[in-house]
>>> print(open('structure.cif').read())   # mmCIF, C-alpha atoms and all ligand atoms
data_start
loop_
_atom_site.label_atom_id
_atom_site.label_comp_id
_atom_site.auth_asym_id
_atom_site.auth_seq_id
_atom_site.Cartn_x
_atom_site.Cartn_y
_atom_site.Cartn_z
CA MET P 1 152.75 187.49 160.19
CA SER P 2 154.39 190.07 157.94
CA ASP P 3 157.60 189.96 160.04
CA THR P 4 158.03 186.25 159.24
CA PRO P 5 160.23 185.77 156.19
CA HIS P 6 158.85 183.31 153.65
CA GLN P 7 160.96 180.14 153.31
CA ARG P 8 161.42 178.23 150.06
CA ILE P 9 162.13 174.63 150.93
CA THR P 10 163.90 171.73 149.28
CA VAL P 11 162.52 168.41 150.54
CA LEU P 12 165.01 165.58 149.92
CA GLY P 13 163.19 162.25 150.13
CA ALA P 14 159.76 163.88 149.69
CA THR P 15 157.92 160.59 149.08
CA GLY P 16 159.08 158.95 152.32
CA SER P 17 157.58 159.01 155.78
CA ILE P 18 159.41 162.18 156.90
CA GLY P 19 158.94 163.79 153.49
CA LEU P 20 155.16 163.32 153.67
CA SER P 21 155.00 164.69 157.22
CA THR P 22 157.06 167.70 156.12
CA LEU P 23 154.72 168.44 153.21
CA ASN P 24 151.76 168.03 155.53
CA VAL P 25 153.10 170.81 157.81
CA ILE P 26 154.12 173.02 154.86
CA ALA P 27 150.62 172.73 153.36
CA ARG P 28 149.11 174.07 156.60
CA HIS P 29 151.10 177.32 156.29
CA PRO P 30 151.23 178.49 152.67
CA GLU P 31 151.95 182.07 153.78
CA ARG P 32 155.17 180.93 155.50
CA PHE P 33 156.48 178.15 153.31
CA SER P 34 156.63 177.16 149.67
CA VAL P 35 158.36 174.23 148.03
CA PHE P 36 161.48 174.92 145.98
CA ALA P 37 162.33 171.31 145.09
CA LEU P 38 161.08 167.78 145.74
CA THR P 39 163.11 164.60 145.32
CA ALA P 40 162.39 160.88 145.23
CA GLN P 41 164.29 157.76 144.26
CA ARG P 42 161.63 155.74 142.49
CA GLN P 43 158.00 156.59 143.21
CA ALA P 44 157.46 158.82 140.17
CA ASP P 45 153.66 158.76 140.48
CA LYS P 46 153.75 160.03 144.02
CA LEU P 47 156.33 162.66 143.07
CA LEU P 48 154.13 163.79 140.17
CA GLU P 49 151.15 164.19 142.46
CA GLN P 50 153.26 166.22 144.91
CA CYS P 51 154.58 168.43 142.10
CA LEU P 52 151.04 169.19 140.96
CA GLN P 53 150.06 170.13 144.52
CA PHE P 54 153.14 172.18 145.50
CA SER P 55 154.45 173.51 142.11
CA PRO P 56 158.17 173.27 142.94
CA ARG P 57 160.73 174.78 140.58
CA TYR P 58 162.57 171.43 140.45
CA ALA P 59 161.79 167.75 140.90
CA VAL P 60 164.66 165.25 141.14
CA LEU P 61 163.94 161.62 140.33
CA GLY P 62 166.72 159.12 141.08
CA ASP P 63 165.42 156.48 138.70
CA GLU P 64 166.61 157.73 135.28
CA ASN P 65 164.20 155.43 133.46
CA GLY P 66 161.25 157.29 134.91
CA VAL P 67 162.43 160.80 134.02
CA ALA P 68 160.94 161.06 130.51
CA ALA P 69 157.51 159.88 131.63
CA LEU P 70 157.53 162.28 134.58
CA GLN P 71 158.48 165.19 132.29
CA ALA P 72 155.72 164.27 129.87
CA ALA P 73 153.11 163.96 132.63
CA LEU P 74 154.11 167.33 134.12
CA ALA P 75 153.99 169.03 130.72
CA ALA P 76 150.58 167.50 129.97
CA ALA P 77 149.27 168.93 133.24
CA GLY P 78 150.62 172.40 132.38
CA SER P 79 153.25 172.27 135.12
CA ARG P 80 156.49 174.29 134.83
CA THR P 81 158.45 172.04 137.21
CA GLU P 82 161.82 171.08 135.72
CA VAL P 83 162.97 167.46 136.19
CA LEU P 84 166.56 166.61 137.13
CA THR P 85 168.17 163.29 138.03
CA GLY P 86 171.19 161.79 139.77
CA VAL P 87 173.27 162.85 142.76
CA ASP P 88 174.27 166.00 140.86
CA GLY P 89 170.60 166.94 140.67
CA LEU P 90 170.19 166.35 144.41
CA GLU P 91 173.25 168.48 145.21
CA TYR P 92 172.04 171.21 142.86
CA VAL P 93 168.65 171.62 144.56
CA SER P 94 170.26 171.42 148.03
CA ALA P 95 172.83 174.14 147.42
CA HIS P 96 170.78 176.39 145.07
CA ALA P 97 170.84 180.06 146.00
CA ASP P 98 167.02 180.26 145.90
CA ALA P 99 166.49 177.44 148.43
CA ASP P 100 166.23 178.95 151.92
CA ALA P 101 166.03 175.66 153.79
CA VAL P 102 166.60 171.97 153.13
CA MET P 103 164.84 169.02 154.74
CA ALA P 104 167.31 166.11 154.52
CA ALA P 105 165.00 163.08 154.63
CA ILE P 106 166.65 160.58 152.31
CA VAL P 107 167.25 157.27 154.07
CA GLY P 108 170.79 155.95 154.52
CA ALA P 109 174.23 156.91 153.26
CA ALA P 110 172.67 157.87 149.91
CA GLY P 111 171.63 161.12 151.60
CA LEU P 112 175.14 162.19 152.56
CA ARG P 113 176.19 164.12 149.46
CA PRO P 114 173.05 166.27 149.17
CA ALA P 115 172.97 166.94 152.94
CA LEU P 116 176.63 167.91 152.89
CA ALA P 117 176.02 170.14 149.87
CA ALA P 118 173.36 172.00 151.88
CA ALA P 119 175.72 172.26 154.87
CA ARG P 120 178.53 173.61 152.70
CA ALA P 121 176.18 176.12 151.09
CA GLY P 122 175.28 177.54 154.52
CA LYS P 123 171.62 176.58 154.36
CA LYS P 124 169.13 176.17 157.13
CA LEU P 125 169.46 172.40 157.27
CA MET P 126 166.82 170.22 158.91
CA LEU P 127 168.47 166.84 159.37
CA ALA P 128 166.38 163.68 159.59
CA ASN P 129 168.96 161.60 157.72
CA LYS P 130 171.00 160.54 160.78
CA GLU P 131 173.09 158.10 158.71
CA ALA P 132 174.69 161.06 156.89
CA LEU P 133 175.99 162.47 160.16
CA VAL P 134 177.05 159.07 161.56
CA LEU P 135 178.95 158.40 158.36
CA SER P 136 180.80 161.68 158.07
CA GLY P 137 180.93 163.01 161.68
CA GLN P 138 183.55 165.71 162.07
CA LEU P 139 183.58 166.45 158.33
CA PHE P 140 179.87 167.30 158.46
CA ILE P 141 180.13 169.39 161.62
CA ASP P 142 183.14 171.27 160.22
CA ALA P 143 181.18 172.02 157.03
CA VAL P 144 178.33 173.42 159.11
CA SER P 145 180.62 175.68 161.15
CA ALA P 146 182.67 176.82 158.17
CA SER P 147 179.62 177.93 156.18
CA GLY P 148 177.50 179.15 159.10
CA ALA P 149 174.70 176.74 158.20
CA ALA P 150 171.93 176.46 160.81
CA LEU P 151 171.57 172.79 161.71
CA PHE P 152 168.25 171.62 163.19
CA PRO P 153 167.82 168.02 164.34
CA ILE P 154 164.60 166.39 163.15
CA ASP P 155 165.12 163.05 164.88
CA SER P 156 162.55 163.40 167.67
CA GLU P 157 165.07 162.65 170.44
CA HIS P 158 167.65 165.15 169.19
CA ASN P 159 165.00 167.74 168.53
CA ALA P 160 163.84 167.23 172.14
CA ILE P 161 167.42 167.69 173.40
CA PHE P 162 167.81 170.79 171.23
CA GLN P 163 164.62 172.18 172.80
CA SER P 164 165.87 171.30 176.31
CA LEU P 165 169.28 172.99 175.90
CA PRO P 166 169.87 176.71 176.43
CA ALA P 167 169.56 178.98 173.38
CA GLY P 168 172.91 179.41 171.62
CA TYR P 169 174.30 176.12 173.02
CA GLY P 170 177.81 175.72 171.61
CA ARG P 171 178.42 171.94 171.55
CA ASP P 172 180.14 172.11 174.97
CA PRO P 173 178.22 170.25 177.71
CA ARG P 174 180.45 171.51 180.54
CA ALA P 175 180.11 175.17 179.59
CA ALA P 176 176.33 174.80 179.65
CA GLY P 177 176.25 172.88 182.95
CA VAL P 178 175.03 169.71 181.23
CA ARG P 179 175.84 166.46 183.06
CA ARG P 180 174.29 164.03 180.57
CA VAL P 181 171.81 163.78 177.80
CA LEU P 182 169.14 161.16 178.41
CA LEU P 183 168.17 159.64 175.08
CA THR P 184 164.83 157.88 175.33
CA ALA P 185 164.06 154.72 173.37
CA SER P 186 160.77 152.86 172.99
CA GLY P 187 162.57 149.51 172.93
CA GLY P 188 160.80 148.70 169.65
CA PRO P 189 158.51 145.76 168.90
CA PHE P 190 160.76 143.13 170.56
CA ARG P 191 161.35 144.74 173.95
CA THR P 192 159.60 141.90 175.76
CA THR P 193 159.72 139.10 173.15
CA PRO P 194 161.40 136.00 174.64
CA VAL P 195 165.03 136.15 173.46
CA GLU P 196 164.91 132.62 172.02
CA GLN P 197 162.12 133.72 169.65
CA LEU P 198 164.13 136.61 168.16
CA ALA P 199 165.98 134.36 165.70
CA GLY P 200 162.70 133.57 163.93
CA VAL P 201 161.05 137.01 163.70
CA THR P 202 159.96 138.19 160.24
CA PRO P 203 160.48 141.55 158.50
CA GLU P 204 156.75 142.25 158.93
CA GLN P 205 157.00 141.74 162.70
CA ALA P 206 160.15 143.87 162.85
CA CYS P 207 158.45 146.70 160.92
CA ALA P 208 155.37 146.76 163.18
CA HIS P 209 156.59 149.46 165.56
CA PRO P 210 154.38 149.98 168.63
CA ASN P 211 154.41 153.82 168.58
CA TRP P 212 155.73 155.20 165.28
CA VAL P 213 154.89 154.64 161.60
CA MET P 214 158.18 154.93 159.68
CA GLY P 215 160.09 153.71 156.62
CA ARG P 216 161.14 150.05 156.62
CA LYS P 217 164.87 150.57 157.19
CA ILE P 218 164.48 152.70 160.32
CA SER P 219 161.73 150.34 161.53
CA VAL P 220 164.17 147.41 161.47
CA ASP P 221 166.78 149.64 163.12
CA SER P 222 164.28 150.31 165.91
CA ALA P 223 163.67 146.58 166.32
CA THR P 224 167.42 145.85 166.71
CA MET P 225 167.92 149.13 168.62
CA MET P 226 170.61 150.06 166.12
CA ASN P 227 168.43 153.12 165.59
CA LYS P 228 169.25 154.15 169.16
CA GLY P 229 172.89 153.28 168.57
CA LEU P 230 173.00 155.55 165.51
CA GLU P 231 171.26 158.20 167.60
CA VAL P 232 173.92 157.95 170.34
CA ILE P 233 176.54 158.73 167.67
CA GLU P 234 174.30 161.45 166.23
CA ALA P 235 174.00 163.02 169.71
CA HIS P 236 177.77 162.97 170.06
CA TRP P 237 178.22 165.01 166.89
CA LEU P 238 175.27 167.35 167.38
CA PHE P 239 175.83 168.20 171.04
CA GLY P 240 179.53 167.49 171.65
CA ALA P 241 178.68 164.85 174.28
CA ARG P 242 181.07 161.95 174.91
CA ALA P 243 179.83 158.35 174.95
CA ASP P 244 179.73 158.36 178.77
CA GLN P 245 177.61 161.53 178.74
CA ILE P 246 174.87 159.88 176.65
CA GLN P 247 172.54 157.61 178.61
CA VAL P 248 169.92 155.57 176.78
CA VAL P 249 166.69 155.29 178.77
CA VAL P 250 164.07 152.80 177.61
CA HIS P 251 160.69 154.48 177.87
CA PRO P 252 158.03 152.33 176.18
CA GLN P 253 155.32 155.01 175.91
CA SER P 254 157.42 157.35 173.68
CA VAL P 255 155.93 160.43 175.31
CA ILE P 256 159.14 161.93 176.67
CA HIS P 257 161.22 162.38 173.53
CA SER P 258 164.51 162.91 175.44
CA MET P 259 165.95 164.93 178.32
CA VAL P 260 168.94 166.97 179.45
CA ASP P 261 170.34 166.34 182.95
CA TYR P 262 172.05 169.46 184.39
CA VAL P 263 174.71 169.67 187.13
CA ASP P 264 172.32 171.48 189.49
CA GLY P 265 170.01 168.45 189.50
CA SER P 266 167.48 169.82 187.01
CA VAL P 267 166.27 167.51 184.29
CA ILE P 268 164.56 169.24 181.35
CA ALA P 269 162.43 167.13 179.06
CA GLN P 270 160.34 167.64 175.94
CA LEU P 271 157.07 165.69 175.78
CA GLY P 272 154.44 165.16 173.13
CA ASN P 273 152.45 162.60 171.22
CA PRO P 274 154.70 160.51 168.97
CA ASP P 275 154.16 162.42 165.71
CA MET P 276 157.10 163.58 163.62
CA ARG P 277 155.20 166.70 162.57
CA THR P 278 156.12 168.19 165.97
CA PRO P 279 159.92 168.23 165.47
CA ILE P 280 159.41 169.13 161.80
CA ALA P 281 157.19 172.12 162.64
CA HIS P 282 159.61 173.14 165.39
CA ALA P 283 162.53 173.29 162.97
CA LEU P 284 160.51 174.88 160.16
CA ALA P 285 159.15 177.73 162.28
CA TRP P 286 161.99 178.20 164.80
CA PRO P 287 162.16 180.37 166.86
CA GLN P 288 158.40 180.68 166.51
CA ARG P 289 155.78 177.96 167.06
CA ILE P 290 153.16 176.91 164.54
CA ASP P 291 150.25 174.47 164.41
CA ALA P 292 151.56 171.08 163.27
CA GLY P 293 148.22 169.26 163.15
CA VAL P 294 149.33 167.20 166.16
CA ARG P 295 146.80 166.21 168.80
CA ALA P 296 147.34 167.84 172.21
CA LEU P 297 149.02 165.57 174.74
CA ASP P 298 146.50 164.14 177.20
CA LEU P 299 148.45 163.17 180.32
CA PHE P 300 145.34 161.74 181.99
CA GLU P 301 144.89 159.36 179.08
CA ILE P 302 148.58 158.36 179.25
CA ALA P 303 148.37 158.06 183.05
CA ARG P 304 151.87 156.65 183.56
CA LEU P 305 155.41 156.84 182.23
CA ASP P 306 157.78 153.87 182.60
CA PHE P 307 161.57 153.67 182.41
CA GLU P 308 164.00 150.75 182.06
CA ARG P 309 167.72 150.28 181.57
CA PRO P 310 168.72 149.20 178.05
CA ASP P 311 169.39 145.46 177.68
CA PHE P 312 172.68 145.19 175.76
CA GLU P 313 172.46 141.40 175.52
CA ARG P 314 169.06 141.39 173.90
CA PHE P 315 170.14 144.31 171.68
CA PRO P 316 173.84 143.76 170.77
CA CYS P 317 173.56 146.43 168.03
CA LEU P 318 173.31 149.11 170.71
CA ALA P 319 176.54 147.89 172.32
CA LEU P 320 178.25 147.81 168.90
CA ALA P 321 177.31 151.44 168.28
CA TYR P 322 178.79 152.59 171.60
CA GLN P 323 181.89 150.54 170.75
CA ALA P 324 182.19 152.24 167.34
CA LEU P 325 181.75 155.69 168.86
CA ARG P 326 184.51 154.99 171.40
CA ALA P 327 186.79 153.58 168.67
CA GLY P 328 186.32 156.77 166.62
CA GLY P 329 187.85 157.32 163.18
CA SER P 330 185.92 155.50 160.50
CA ALA P 331 184.38 152.91 162.87
CA PRO P 332 180.94 154.64 162.93
CA ALA P 333 181.00 154.77 159.11
CA VAL P 334 181.80 151.04 159.00
CA LEU P 335 179.04 150.31 161.53
CA ASN P 336 176.53 152.27 159.46
CA ALA P 337 177.48 150.68 156.13
CA ALA P 338 177.42 147.14 157.54
CA ASN P 339 174.06 147.86 159.16
CA GLU P 340 172.54 149.13 155.91
CA GLU P 341 173.67 146.01 154.07
CA ALA P 342 172.53 143.67 156.85
CA VAL P 343 169.12 145.32 157.18
CA ALA P 344 168.57 145.16 153.41
CA ALA P 345 169.49 141.45 153.48
CA PHE P 346 167.12 140.84 156.40
CA LEU P 347 164.27 142.67 154.61
CA ASP P 348 164.92 140.52 151.51
CA GLY P 349 164.71 137.35 153.58
CA GLY P 350 168.42 136.62 153.06
CA ILE P 351 169.50 136.53 156.72
CA GLY P 352 167.78 136.17 160.07
CA PHE P 353 167.14 138.94 162.59
CA ARG P 354 169.94 137.95 164.97
CA GLN P 355 172.43 137.78 162.13
CA ILE P 356 172.15 141.52 161.57
CA ALA P 357 174.34 142.13 164.63
CA GLU P 358 176.71 139.29 163.69
CA VAL P 359 177.35 140.81 160.26
CA ILE P 360 178.04 144.23 161.76
CA GLU P 361 180.34 142.87 164.46
CA SER P 362 182.44 140.85 161.98
CA THR P 363 182.64 143.79 159.58
CA LEU P 364 183.80 146.12 162.38
CA GLU P 365 186.52 143.61 163.27
CA GLN P 366 187.80 143.37 159.70
CA VAL P 367 187.76 146.92 158.38
CA PRO P 368 190.55 148.97 159.97
CA SER P 369 189.62 152.35 161.44
CA LEU P 370 191.09 155.24 159.48
CA PRO P 371 190.71 159.02 159.70
CA VAL P 372 187.64 160.32 157.86
CA ASP P 373 188.99 163.69 156.80
CA SER P 374 187.54 164.04 153.31
CA LEU P 375 184.35 163.09 151.50
CA ASP P 376 186.38 160.70 149.33
CA ALA P 377 187.78 158.96 152.43
CA VAL P 378 184.27 158.62 153.87
CA LEU P 379 182.84 157.20 150.65
CA ALA P 380 185.80 154.79 150.27
CA THR P 381 185.28 153.49 153.82
CA ASP P 382 181.56 153.11 153.17
CA LEU P 383 182.26 151.09 150.02
CA ARG P 384 184.88 148.88 151.65
CA ALA P 385 182.66 148.13 154.64
CA ARG P 386 179.77 147.21 152.33
CA GLU P 387 181.98 144.77 150.42
CA HIS P 388 183.04 143.08 153.68
CA ALA P 389 179.48 143.02 154.95
CA ARG P 390 178.21 141.39 151.72
CA VAL P 391 180.76 138.60 152.15
CA GLU P 392 179.58 138.10 155.73
CA ILE P 393 175.97 138.02 154.50
CA ARG P 394 176.70 135.48 151.74
CA GLN P 395 178.37 133.21 154.31
CA ARG P 396 175.11 133.16 156.26
CA GLN P 397 172.69 132.57 153.36
P1 LIG S 1 161.45 156.27 153.86
O1 LIG S 1 162.02 154.99 153.41
O2 LIG S 1 160.01 156.36 154.20
O3 LIG S 1 161.75 157.40 152.76
C1 LIG S 1 163.01 157.56 152.19
C2 LIG S 1 163.02 158.64 151.11
O4 LIG S 1 164.34 158.68 150.56
C3 LIG S 1 162.05 158.37 149.95
O5 LIG S 1 161.56 159.59 149.46
C4 LIG S 1 162.96 157.73 148.89
O6 LIG S 1 162.51 157.96 147.56
C5 LIG S 1 164.28 158.44 149.14
N1 LIG S 1 165.42 157.59 148.79
C6 LIG S 1 165.62 156.29 149.12
N2 LIG S 1 166.78 155.84 148.63
C7 LIG S 1 167.34 156.87 147.97
C8 LIG S 1 168.54 157.02 147.21
N3 LIG S 1 169.39 156.01 147.04
N4 LIG S 1 168.81 158.23 146.64
C9 LIG S 1 167.93 159.26 146.81
N5 LIG S 1 166.78 159.18 147.50
C10 LIG S 1 166.48 157.99 148.07
O7 LIG S 1 162.34 156.75 155.11
P2 LIG S 1 161.90 157.64 156.37
O8 LIG S 1 161.33 156.78 157.42
O9 LIG S 1 161.16 158.86 155.90
O10 LIG S 1 163.35 158.08 156.92
C11 LIG S 1 164.12 159.07 156.27
C12 LIG S 1 165.29 159.46 157.17
O11 LIG S 1 164.76 160.06 158.34
C13 LIG S 1 166.10 158.26 157.65
O12 LIG S 1 167.45 158.61 157.73
C14 LIG S 1 165.55 157.97 159.03
O13 LIG S 1 166.51 157.39 159.89
C15 LIG S 1 165.21 159.38 159.49
N6 LIG S 1 164.16 159.42 160.52
C16 LIG S 1 162.91 158.96 160.22
C17 LIG S 1 161.91 158.99 161.19
C18 LIG S 1 160.51 158.54 160.87
O14 LIG S 1 159.64 158.68 161.72
N7 LIG S 1 160.23 157.99 159.70
C19 LIG S 1 162.21 159.48 162.46
C20 LIG S 1 163.50 159.94 162.73
C21 LIG S 1 164.47 159.92 161.74
MG MG S 2 164.62 158.96 166.69
#
>>> encode(input="structure.cif", output="structure tokens", more="lines below")
Ligand code: NAD
Ligand code: MG
Amino acid sequence: MSDTPHQRITVLGATGSIGLSTLNVIARHPERFSVFALTAQRQADKLLEQCLQFSPRYAVLGDENGVAALQAALAAAGSRTEVLTGVDGLEYVSAHADADAVMAAIVGAAGLRPALAAARAGKKLMLANKEALVLSGQLFIDAVSASGAALFPIDSEHNAIFQSLPAGYGRDPRAAGVRRVLLTASGGPFRTTPVEQLAGVTPEQACAHPNWVMGRKISVDSATMMNKGLEVIEAHWLFGARADQIQVVVHPQSVIHSMVDYVDGSVIAQLGNPDMRTPIAHALAWPQRIDAGVRALDLFEIARLDFERPDFERFPCLALAYQALRAGGSAPAVLNAANEEAVAAFLDGGIGFRQIAEVIESTLEQVPSLPVDSLDAVLATDLRAREHARVEIRQRQ
């Protein structure tokens, strides 16, 4: 193992679902990985516990009111972890010269600035925060190429595609003989629910995903299939595939995590139990393989794999995402912002499940598509779309 360089890792969003899975894999391999920084928005107690276990140099807590208590608790425990706060703190630990790699696992547009800071600083960047890429698109990809950052997709589908593409793939499907990428989708908890019942489903039902345990926002996105829509846009930016080269395939068992269809008729897939520690371990150890604590896949137990076409009428959010990708410019950023607002309103009981798509559609119609050529332009579009979306939400309350 002496030829494996030790990696010091910043985990953005350490207290979330992906953050916990990342720390679980890191803890299995102390000789390979140590923690440089941990960040959380609110859960100071959980962050404290993680700091005492992993002894990071920095901890960043978003909630300023909790900073003093966290500092005091760390000092009382004899810890030397320094506490920072705010977006500046997040950017600092993402771009710091002593951080070898960054796991971007903040949820939503809030993760954009720290993820972009890591990209600009040329880090090894493990990207779970798909919203950051959907929001900033070309700007993000340009930052990665300009700095020479190494971008690893953590989203299980994109990680599967990455694993199914040739080494050194250069974001050009044609040059690599790729006909299409086949993005698998579980179909979420409402794949077979009678359509007339969808209007009345509750946040608890929407968050009860059949195959994955995840944060609440992405769980609702899976229920509307906006998650797959965001992933179509994510696949466009990561792999240079056009909308017509990205086929969503509903696969309820979530065993095939995605596939690449080549011009010679070969289809290469990556399979595994649905456990995010697999893509996380893949990115952490690449190009090597390490134990992720994931149970071996038992094909006899699974016995069968099913496939269906996506139902765009049942899941209008998926159609809206394709529409935004084809429209280009700031449309994906508007889609993402409206979705974040609508999902938050649904989780708060403010609007119904079917109104999530209505809010996004109306917002897309009202906010003009502009070029997103600077971080300021991206953030301004995000803000404007949220304002429109909030008006749409209020009209439905
Ligand atoms: P989560 O809600 O469980 O965790 C989110 C983390 O981000 C927490 O640590 C929280 O403290 C932090 N956070 C929240 N708001 C913040 C803010 N405003 N500023 C700074 N930090 C903030 O979410 P998750 O399920 O772990 O998802 C994280 C990201 O990974 C999302 O973009 C999601 O789409 C993506 N992802 C998740 C999964 C999964 O299985 N959970 C799979 C694929 C992709
Ligand atoms: Mg995914």
>>> closest_residue(input="structure.cif", among="P:Ala99, P:Leu48, P:Ile26, P:Ile393", to="P:Lys124", atoms="only C-alpha atoms")
P:Ala99
>>> residues_near_point(input="structure.cif", point="(166.3, 181.2, 154.6)", cutoff="6 Å", atoms="only C-alpha atoms", output="list in words")
Gln7, Asp100 and Ala101 of chain P
>>> closest_residue(input="structure.cif", among="P:Gly352, P:Gly168, P:Pro194, P:Gly13", to="ligand LIG 1 (chain S)", atoms="only C-alpha atoms and all ligand atoms")
P:Gly13
>>> residues_near_point(input="structure.cif", point="(167.7, 170.0, 172.3)", cutoff="9 Å", atoms="all atoms listed in the file", output="CSV table (one decimal) with C-alpha atoms, keeping the file's coordinate frame")
chain,number,residue,atom,x,y,z
P,153,PRO,CA,167.8,168.0,164.3
P,157,GLU,CA,165.1,162.6,170.4
P,158,HIS,CA,167.6,165.2,169.2
P,159,ASN,CA,165.0,167.7,168.5
P,160,ALA,CA,163.8,167.2,172.1
P,161,ILE,CA,167.4,167.7,173.4
P,162,PHE,CA,167.8,170.8,171.2
P,163,GLN,CA,164.6,172.2,172.8
P,164,SER,CA,165.9,171.3,176.3
P,165,LEU,CA,169.3,173.0,175.9
P,166,PRO,CA,169.9,176.7,176.4
P,239,PHE,CA,175.8,168.2,171.0
P,258,SER,CA,164.5,162.9,175.4
P,259,MET,CA,166.0,164.9,178.3
P,260,VAL,CA,168.9,167.0,179.4
P,270,GLN,CA,160.3,167.6,175.9
>>> residues_around(input="structure.cif", residues="P:Gln253", least_positions_apart="6", cutoff="12 Å", atoms="only C-alpha atoms", output="ChimeraX atom specification")
/P:184-188,209-212,271-274,299,301-308
>>> atom_distance(input="structure.cif", atom1="atom P1 of ligand LIG 1 (chain S)", atom2="atom CA of P:Asp275")
15.2 Å
>>> atom_distance(input="structure.cif", atom1="atom CA of P:Ala69", atom2="atom O8 of ligand LIG 1 (chain S)")
26.3 Å
>>> residues_near_ligand(input="structure.cif", ligand="ligand MG 2 (chain S)", cutoff="7 Å", atoms="only C-alpha atoms and all ligand atoms", output="list in words")
Asp155, Ser156, Glu157 and Glu231 of chain P
>>> residues_around(input="structure.cif", residues="P:Thr22", least_positions_apart="4", cutoff="7 Å", atoms="all atoms listed in the file", output="ChimeraX atom specification")
/P:18,26,277,280
>>> atom_distance(input="structure.cif", atom1="atom CA of P:Arg309", atom2="atom CA of P:Ile256")
15.3 Å
>>> residues_near_ligand(input="structure.cif", ligand="ligand LIG 1 (chain S)", cutoff="6 Å", atoms="only C-alpha atoms and all ligand atoms", output="MDAnalysis selection string")
chainID P and resid 13:19 40:42 62 105:108 110 128:131 155 214:216 218 276
>>> residues_around(input="structure.cif", residues="stretch 381-391 of chain P", least_positions_apart="6", cutoff="9 Å", atoms="only C-alpha atoms", output="list in words")
Ala109, Leu135, Ser330, Ala333, Val334, Leu335, Asn336, Ala337, Ala338, Asn339, Glu340, Glu341, Ala342, Ala345, Val359, Ile360, Ser362, Thr363, Leu364, Gln366, Val367, Ser369, Leu370 and Val372 of chain P
>>> closest_residue(input="structure.cif", among="P:Leu325, P:Val263, P:Gln397, P:Gly66", to="P:Leu230", atoms="all atoms listed in the file")
P:Leu325
>>> closest_residue(input="structure.cif", among="P:Thr278, P:Ala37, P:Met126, P:Gln323", to="P:Asn24", atoms="all atoms listed in the file")
P:Thr278
>>> closest_residue(input="structure.cif", among="P:Phe315, P:Trp237, P:Leu127, P:Ser21", to="P:Asp221", atoms="all atoms listed in the file")
P:Phe315
>>> residues_around(input="structure.cif", residues="P:Leu38", least_positions_apart="4", cutoff="12 Å", atoms="all atoms listed in the file", output="ChimeraX atom specification")
/P:8-16,19-20,22-23,34,43-44,46-62,81-85,89-90,92-94,99,102-106
>>> decode(input="structure.cif", residues="stretch 75-88 of chain P", atoms="C-alpha atoms", output="compact mmCIF listing (two decimals), in the first residue's frame")
# COMPACT_ATOMS: atom_id res chain seq x y z
CA ALA P 75 -12.09 22.88 23.27
CA ALA P 76 -13.55 21.06 26.28
CA ALA P 77 -12.85 17.74 24.55
CA GLY P 78 -9.24 18.76 23.85
CA SER P 79 -9.82 18.97 20.09
CA ARG P 80 -7.68 21.25 17.90
CA THR P 81 -10.29 21.55 15.13
CA GLU P 82 -10.82 25.18 14.13
CA VAL P 83 -14.41 26.31 13.48
CA LEU P 84 -15.30 28.53 10.51
CA THR P 85 -18.68 29.68 9.20
CA GLY P 86 -20.39 31.05 6.11
CA VAL P 87 -19.89 30.51 2.39
CA ASP P 88 -16.39 31.98 2.72
